[in-house]
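To start, the structure itself, in structure tokens.
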Amino acid sequence: MPESQAARSLVEEATKKSGLVWVRGTERARPVWHVWLDGAAYLVGDGPGEQPLPSGLVDGASAEVTVPSKDKRGRVVSWTAEVGELAPGSPQWAAAVAELRGKRLNAPDGEAMADRWARECRVLRLTVRQASTDLPDASLAARPAATPATTRGPLPGFLARRRRGRRG
């Protein structure tokens, strides 16, 4: 089997089995849940009560997708995707939404979810443009995102003793 076919097969199997993928548009990568259907990953988000999608995911743009192992959480494969936004009500949108509805956990509106997605959310198709089984040469570590969150100070005495292994 040629390398490109092996890489594409790995992308498909790993992405199907993974509960989420890390997607990077123009800024930081974000974890997003998805479904795999007809050779592409489908995402829904950017609406009230739905996952925020990475910035830069617009029709015709490129995105980097990293698929983690479901059990070890390490990187299995990365691939470059072409982003396509589906028009609400189109046959492709309806097929994608039918699959996405089955995977959406804890939906606040049940049967009305598809109507809400059509009004307020975006449904994206990530098609494999390039797949590779090569590992990167450099570290993929990134600086943590800036946040206003801080620690509140030293631990209370009874927790500090427990942390050191003493019981009080």
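Residue numbering restarts at 1 for every chain of the structure tokens, chains are lettered A, B, ... in their displayed order, and ligands are numbered from 1 as they appear.
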With region 134-154 of chain A as the partner and 12 Å as the cut-off, tabulate the residues of region 9-33 of chain A that qualify, each row holding the nearest pair of atoms and their distance in Å to one decimal, using only C-alpha atoms, sorted by chain and rising number, as a Markdown table.
```
| residue | atom | partner | partner_atom | distance |
| --- | --- | --- | --- | --- |
| A:Leu10 | CA | A:Asp134 | CA | 11.9 |
| A:Glu27 | CA | A:Ala145 | CA | 10.9 |
| A:Arg28 | CA | A:Ala145 | CA | 8.5 |
| A:Ala29 | CA | A:Ala142 | CA | 9.9 |
| A:Arg30 | CA | A:Ala145 | CA | 11.2 |
```
Practice item. Considering only C-alpha atoms, return as a PyMOL selection string whatever protein or nucleic-acid residues lie within 6 Å of Ser62 (chain A), sequence-local ones (same chain, fewer than 6 positions apart) excluded. Key: chain A and resi 81-83
Write the residues of the selection above to a file with N, CA, C and O atoms, as a tab-separated table (two decimals), in the first residue's frame.
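Output contents, as saved in out_6.tsv:
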```tsv
chain	number	residue	atom	x	y	z
A	81	ALA	N	-6.65	19.92	6.54
A	81	ALA	CA	-8.03	19.84	6.05
A	81	ALA	C	-8.39	21.07	5.25
A	81	ALA	O	-7.89	22.17	5.50
A	82	GLU	N	-9.30	20.87	4.32
A	82	GLU	CA	-9.93	21.98	3.64
A	82	GLU	C	-11.29	22.17	4.30
A	82	GLU	O	-12.04	21.21	4.48
A	83	VAL	N	-11.59	23.41	4.67
A	83	VAL	CA	-12.82	23.71	5.41
A	83	VAL	C	-13.92	24.08	4.42
A	83	VAL	O	-13.71	24.84	3.48
```
Exercise for review: Please run DSSP on the backbone and report, as a ChimeraX atom specification, all residues within chain A that come out as strand (DSSP E).
Suggested key: /A:20-24,30-33,35-37,40-45,62-68,75-85,122-132
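Take CA of Glu120 (chain A) and CA of Pro48 (chain A): the distance between them is 7.3 Å.
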Review point. Region 90-100 of chain A: which residues within 10 Å, counting only C-alpha atoms, same-chain residues fewer than 5 positions away excluded, as number ranges by chain?
Key: A: 33-38, 41-44, 85, 105, 113-114, 117-118, 123-125
